[in-house]
Amino acid sequence: MTKFISRMQAVQSPIIPVVGELIRNSPGTISLGQGVVSYSPPKEAIDLLPQFLAEPSNHLYQAVEGIPALLTAIAGKLLAFNGIEINNDNCIVVTAGSNMGFMNAILAITCPGDEIILNTPYYFNHDMAIAMAGCRAILVETDENYHLRPEAIAQAITPKTRAIVTISPNNPTGVVYSEAALRQVNQICGTHGIYHISDEAYEYFTYNGVKHISPGAFSGSSEHTISLYSLSKAYGFASWRIGYMVIPQNLLVAVKKVQDTILICPPVISQYAALGALQATEEYLKTNIGTIAEVRQLVIASLNRLKGLCSIIPAGGAFYFFLKVHTQIDAFELVKRLIQEHRVAVIPGTTFGMKDGCYLRVAYGALQKETAKEGIERLVQGLETIVSYF
């Protein structure tokens with residue numbers, strides 16, 4: 001049989017299933033790998049499901065961009081929390097998670113061979129989506145504290161550049177970008193006639209008074225800003241696959257073409273759950289994110305013991321720390337040894353585009369305090385043993 005070369009050969013393999021298989025082969029492993037939360041959706045989300053079931057038409061296809069009630073609720077949330085007003089210049093599209101929103105955006109604004117600027121370390125699914133679309137990721141290094149370098153970003157722009165991507169709060173570093181830096185990037189995009197894709201999946205996860213900033217709220221940004229959001233993290237909705245995007249109005253036709261082809265419409269039962277979630281009390285987010293903040297302090301206290309072995313950058317958001325380990329050991333080899341010898345799992349930095357050096361992403365959102373404490377203790381002891389021995 002003739003073997004064809006698929007575009008998928010240029011796409012990196014997702015790391016989470018690979019690490020998951022290693023975990024399954026090492027029973028008792030505590031995972032500090034996947035970026036999920038430990039808590040469940042709010043009661044309001046579940047309570048709205050009978051309303052979905054009571055309406056027979058809900059079992060049919062619905063609007064490509066989302067059901068009207070959810071669009072209205074999202075518009076209210078965007079205005080109240082993000083400072084983004086939905087008007088004649090922009091619009092909302094509900095998606096099956098913010099990953100789909102990113103894919104929608106890339107397919108809507110590019111042709112094969114176009115370029116998208118990513119800041120390293122990047123989110124691996126962004127790199128994968130760009131490659132799938134036949135486009136090229138142009139990588140720009142962040143500074144020593146993983147913050148944006150707007151001047152370097154501007155210098156990376158070519159006639160083929162179609163967008164600059166920012167993620168704040170950041171995955172994988174946990175860093176929250178400053179308003180000044182985000183304004184600079186947004187202005188660069190406006191000046192050059194390209195898009196600013198702002199991934200804000202971790203918007204609620206900020207600590208110690210750090211404030212989340214949405215570029216879509218900047219004056220004059222509506223026509224060149226694409227904002228991506230998710231319910232997976234804040235509302236414990238990972239498997240429900242619901243997110244949304246705010247896009248310039250002139251991209252709606254293109255985005256609907258993509259979404260209708262891949263999805264037809266976002267899962268309506270999940271949209272009802274999302275509508276309920278957005279009606280949850282402030283106490284739901286405050287309590288659950290407050291618990292993660294307490295786990296974060298435990299993690300910081302333990303990681304501080306590694307200062308001689310690792311560079312640990314302060315991070316004011318999300319639920320990650322990104323460690324640079326002072327070793328010549330390959331990052332994936334180190335991950336395998338930590339799982340097999342110390343029963344703790346993290347994600348290698350190579351999957352986030354960090355090829356020069358040994359980096360690890362540590363996720364702490366999915367664990368209760370005692371389990372997180374034990375997992376971090378295993379990580380610290382494992383790194384002290386392996387790296388010191390090496």
# chains A, B, ... in the order shown; residues from 1 in each chain; ligands from 1
call {"tool": "residues_around", "arguments": {"residues": "Lys336 in chain A", "least_positions_apart": "6", "cutoff": "10 Å", "atoms": "only C-alpha atoms", "output": "compact mmCIF listing (two decimals) with N, CA and C atoms, in the first residue's frame"}}
result
# COMPACT_ATOMS: atom_id res chain seq x y z
N VAL A 19 2.81 10.68 29.49
CA VAL A 19 3.08 10.67 30.92
C VAL A 19 2.02 9.83 31.65
N LEU A 22 3.01 6.25 31.65
CA LEU A 22 4.07 6.00 32.62
C LEU A 22 3.49 5.92 34.04
N ILE A 23 2.51 6.78 34.33
CA ILE A 23 1.87 6.76 35.65
C ILE A 23 1.14 5.44 35.88
N HIS A 342 10.48 7.53 42.14
CA HIS A 342 9.99 8.34 43.27
C HIS A 342 8.47 8.52 43.26
N ARG A 343 7.80 7.92 42.29
CA ARG A 343 6.33 7.92 42.23
C ARG A 343 5.74 9.33 42.26
N VAL A 344 6.28 10.22 41.45
CA VAL A 344 5.72 11.55 41.28
C VAL A 344 5.89 11.96 39.82
N ALA A 345 4.85 12.55 39.25
CA ALA A 345 4.86 12.89 37.83
C ALA A 345 4.77 14.39 37.60
N VAL A 346 5.60 14.90 36.71
CA VAL A 346 5.55 16.27 36.23
C VAL A 346 5.68 16.22 34.70
N ILE A 347 5.65 17.38 34.05
CA ILE A 347 5.69 17.44 32.58
C ILE A 347 7.02 18.04 32.13
N PRO A 348 7.69 17.42 31.15
CA PRO A 348 8.98 17.95 30.69
C PRO A 348 8.82 19.25 29.91
call {"tool": "residues_around", "arguments": {"residues": "Thr206 in chain A", "least_positions_apart": "4", "cutoff": "12 Å", "atoms": "only C-alpha atoms", "output": "MDAnalysis selection string"}}
result
chainID A and resid 168:170 174:177 200:202 210:213 234 285:286 289:290 292:293 296 315:320
call {"tool": "write_last_selection", "arguments": {"atoms": "C-alpha atoms", "output": "PDB file, in the first residue's frame"}}
result
ATOM      1  CA  SER A 168      -1.957  35.324  30.866  1.00  0.00           C
ATOM      2  CA  PRO A 169      -2.083  33.951  33.509  1.00  0.00           C
ATOM      3  CA  ASN A 170       0.432  31.735  31.786  1.00  0.00           C
ATOM      4  CA  GLY A 174       2.095  30.710  36.046  1.00  0.00           C
ATOM      5  CA  VAL A 175       3.331  34.232  35.290  1.00  0.00           C
ATOM      6  CA  VAL A 176       0.757  37.036  34.964  1.00  0.00           C
ATOM      7  CA  TYR A 177       1.768  39.599  32.335  1.00  0.00           C
ATOM      8  CA  GLU A 200      -7.224  33.831  29.270  1.00  0.00           C
ATOM      9  CA  ALA A 201      -8.225  30.334  30.404  1.00  0.00           C
ATOM     10  CA  TYR A 202      -6.774  30.981  33.892  1.00  0.00           C
ATOM     11  CA  VAL A 210      -2.206  40.332  41.324  1.00  0.00           C
ATOM     12  CA  LYS A 211      -4.827  41.525  38.839  1.00  0.00           C
ATOM     13  CA  HIS A 212      -5.843  39.832  35.607  1.00  0.00           C
ATOM     14  CA  ILE A 213      -5.858  42.083  32.533  1.00  0.00           C
ATOM     15  CA  ALA A 234     -12.511  27.809  37.219  1.00  0.00           C
ATOM     16  CA  LEU A 285     -14.951  30.715  43.051  1.00  0.00           C
ATOM     17  CA  LYS A 286     -13.623  32.480  46.138  1.00  0.00           C
ATOM     18  CA  ILE A 289      -9.527  29.247  44.369  1.00  0.00           C
ATOM     19  CA  GLY A 290      -8.734  30.175  47.962  1.00  0.00           C
ATOM     20  CA  ILE A 292      -5.737  26.295  45.679  1.00  0.00           C
ATOM     21  CA  ALA A 293      -3.959  29.397  46.971  1.00  0.00           C
ATOM     22  CA  ARG A 296       0.238  26.990  46.396  1.00  0.00           C
ATOM     23  CA  ALA A 315       4.465  33.167  39.578  1.00  0.00           C
ATOM     24  CA  GLY A 316       1.337  35.112  40.490  1.00  0.00           C
ATOM     25  CA  GLY A 317      -1.252  33.110  38.591  1.00  0.00           C
ATOM     26  CA  ALA A 318      -2.666  29.860  37.174  1.00  0.00           C
ATOM     27  CA  PHE A 319      -1.615  26.772  39.182  1.00  0.00           C
ATOM     28  CA  TYR A 320       1.829  26.028  37.804  1.00  0.00           C
TER      29      TYR A 320
END
call {"tool": "closest_residue", "arguments": {"among": "A:Pro27, A:Gly134, A:Pro121, A:Pro68", "to": "Arg7 in chain A", "atoms": "only C-alpha atoms"}}
result
A:Gly134
call {"tool": "select_by_dssp", "arguments": {"residues": "range 286-381 of chain A", "states": "alpha helix (DSSP H)", "output": "PyMOL selection string"}}
result
chain A and resi 286-303+331-342+369-381
call {"tool": "write_last_selection", "arguments": {"atoms": "N, CA and C atoms", "output": "compact mmCIF listing (two decimals), in the first residue's frame"}}
result
# COMPACT_ATOMS: atom_id res chain seq x y z
N LYS A 286 -14.48 31.98 45.06
CA LYS A 286 -13.62 32.48 46.14
C LYS A 286 -13.12 31.34 47.02
N THR A 287 -14.02 30.43 47.36
CA THR A 287 -13.66 29.31 48.25
C THR A 287 -12.70 28.35 47.56
N ASN A 288 -13.05 27.94 46.35
CA ASN A 288 -12.24 26.93 45.67
C ASN A 288 -10.87 27.47 45.26
N ILE A 289 -10.82 28.68 44.76
CA ILE A 289 -9.53 29.25 44.37
C ILE A 289 -8.73 29.60 45.62
N GLY A 290 -9.42 29.94 46.69
CA GLY A 290 -8.73 30.17 47.96
C GLY A 290 -8.04 28.92 48.47
N THR A 291 -8.69 27.76 48.28
CA THR A 291 -8.07 26.49 48.68
C THR A 291 -6.82 26.21 47.84
N ILE A 292 -6.91 26.48 46.54
CA ILE A 292 -5.74 26.30 45.68
C ILE A 292 -4.62 27.24 46.09
N ALA A 293 -4.97 28.45 46.50
CA ALA A 293 -3.96 29.40 46.97
C ALA A 293 -3.23 28.86 48.20
N GLU A 294 -3.96 28.15 49.08
CA GLU A 294 -3.32 27.55 50.25
C GLU A 294 -2.37 26.43 49.83
N VAL A 295 -2.80 25.61 48.86
CA VAL A 295 -1.93 24.55 48.34
C VAL A 295 -0.68 25.17 47.72
N ARG A 296 -0.88 26.28 47.03
CA ARG A 296 0.24 26.99 46.40
C ARG A 296 1.30 27.36 47.42
N GLN A 297 0.89 27.82 48.59
CA GLN A 297 1.84 28.21 49.63
C GLN A 297 2.63 27.00 50.12
N LEU A 298 1.97 25.85 50.23
CA LEU A 298 2.67 24.63 50.61
C LEU A 298 3.73 24.27 49.57
N VAL A 299 3.34 24.40 48.31
CA VAL A 299 4.25 24.07 47.21
C VAL A 299 5.46 24.99 47.24
N ILE A 300 5.22 26.30 47.42
CA ILE A 300 6.33 27.26 47.46
C ILE A 300 7.29 26.93 48.59
N ALA A 301 6.74 26.62 49.76
CA ALA A 301 7.59 26.32 50.91
C ALA A 301 8.49 25.13 50.64
N SER A 302 7.95 24.10 49.98
CA SER A 302 8.75 22.91 49.68
C SER A 302 9.75 23.17 48.56
N LEU A 303 9.33 23.87 47.53
CA LEU A 303 10.22 24.12 46.39
C LEU A 303 11.41 24.99 46.78
N ALA A 331 15.21 16.26 29.92
CA ALA A 331 14.01 16.53 30.71
C ALA A 331 13.06 15.33 30.74
N PHE A 332 12.85 14.68 29.61
CA PHE A 332 11.94 13.54 29.59
C PHE A 332 12.52 12.36 30.35
N GLU A 333 13.82 12.17 30.26
CA GLU A 333 14.46 11.11 31.04
C GLU A 333 14.31 11.38 32.53
N LEU A 334 14.43 12.64 32.92
CA LEU A 334 14.25 13.00 34.33
C LEU A 334 12.82 12.73 34.77
N VAL A 335 11.84 13.05 33.92
CA VAL A 335 10.44 12.80 34.24
C VAL A 335 10.21 11.30 34.44
N LYS A 336 10.76 10.48 33.55
CA LYS A 336 10.60 9.03 33.68
C LYS A 336 11.19 8.51 34.99
N ARG A 337 12.36 9.01 35.35
CA ARG A 337 13.00 8.55 36.59
C ARG A 337 12.20 9.00 37.82
N LEU A 338 11.66 10.21 37.78
CA LEU A 338 10.86 10.69 38.91
C LEU A 338 9.62 9.81 39.10
N ILE A 339 9.02 9.37 38.00
CA ILE A 339 7.84 8.50 38.09
C ILE A 339 8.24 7.10 38.57
N GLN A 340 9.24 6.53 37.93
CA GLN A 340 9.60 5.14 38.20
C GLN A 340 10.29 4.94 39.54
N GLU A 341 11.10 5.93 39.95
CA GLU A 341 11.89 5.77 41.17
C GLU A 341 11.30 6.49 42.38
N HIS A 342 10.48 7.53 42.14
CA HIS A 342 9.99 8.34 43.27
C HIS A 342 8.47 8.52 43.26
N LYS A 369 -4.80 19.25 49.87
CA LYS A 369 -3.59 19.72 50.56
C LYS A 369 -2.62 18.60 50.91
N GLU A 370 -3.11 17.56 51.55
CA GLU A 370 -2.22 16.50 52.03
C GLU A 370 -1.57 15.75 50.87
N THR A 371 -2.34 15.49 49.82
CA THR A 371 -1.79 14.80 48.65
C THR A 371 -0.77 15.68 47.95
N ALA A 372 -1.09 16.97 47.84
CA ALA A 372 -0.15 17.90 47.21
C ALA A 372 1.14 17.97 48.00
N LYS A 373 1.01 18.02 49.33
CA LYS A 373 2.20 18.09 50.19
C LYS A 373 3.08 16.86 50.00
N GLU A 374 2.45 15.68 49.93
CA GLU A 374 3.20 14.45 49.72
C GLU A 374 3.84 14.42 48.33
N GLY A 375 3.07 14.87 47.32
CA GLY A 375 3.60 14.88 45.96
C GLY A 375 4.79 15.79 45.81
N ILE A 376 4.71 16.99 46.38
CA ILE A 376 5.83 17.93 46.29
C ILE A 376 7.03 17.41 47.08
N GLU A 377 6.77 16.75 48.21
CA GLU A 377 7.86 16.18 49.00
C GLU A 377 8.60 15.11 48.18
N ARG A 378 7.82 14.29 47.46
CA ARG A 378 8.44 13.28 46.61
C ARG A 378 9.26 13.94 45.49
N LEU A 379 8.72 15.02 44.94
CA LEU A 379 9.44 15.71 43.87
C LEU A 379 10.75 16.29 44.38
N VAL A 380 10.69 16.94 45.52
CA VAL A 380 11.89 17.54 46.10
C VAL A 380 12.94 16.47 46.39
N GLN A 381 12.51 15.40 47.05
CA GLN A 381 13.44 14.33 47.38
C GLN A 381 13.99 13.66 46.13
call {"tool": "closest_residue", "arguments": {"among": "A:Gln328, A:Ser13, A:Gln259, A:Ser98", "to": "Thr351 in chain A", "atoms": "only C-alpha atoms"}}
result
A:Ser13
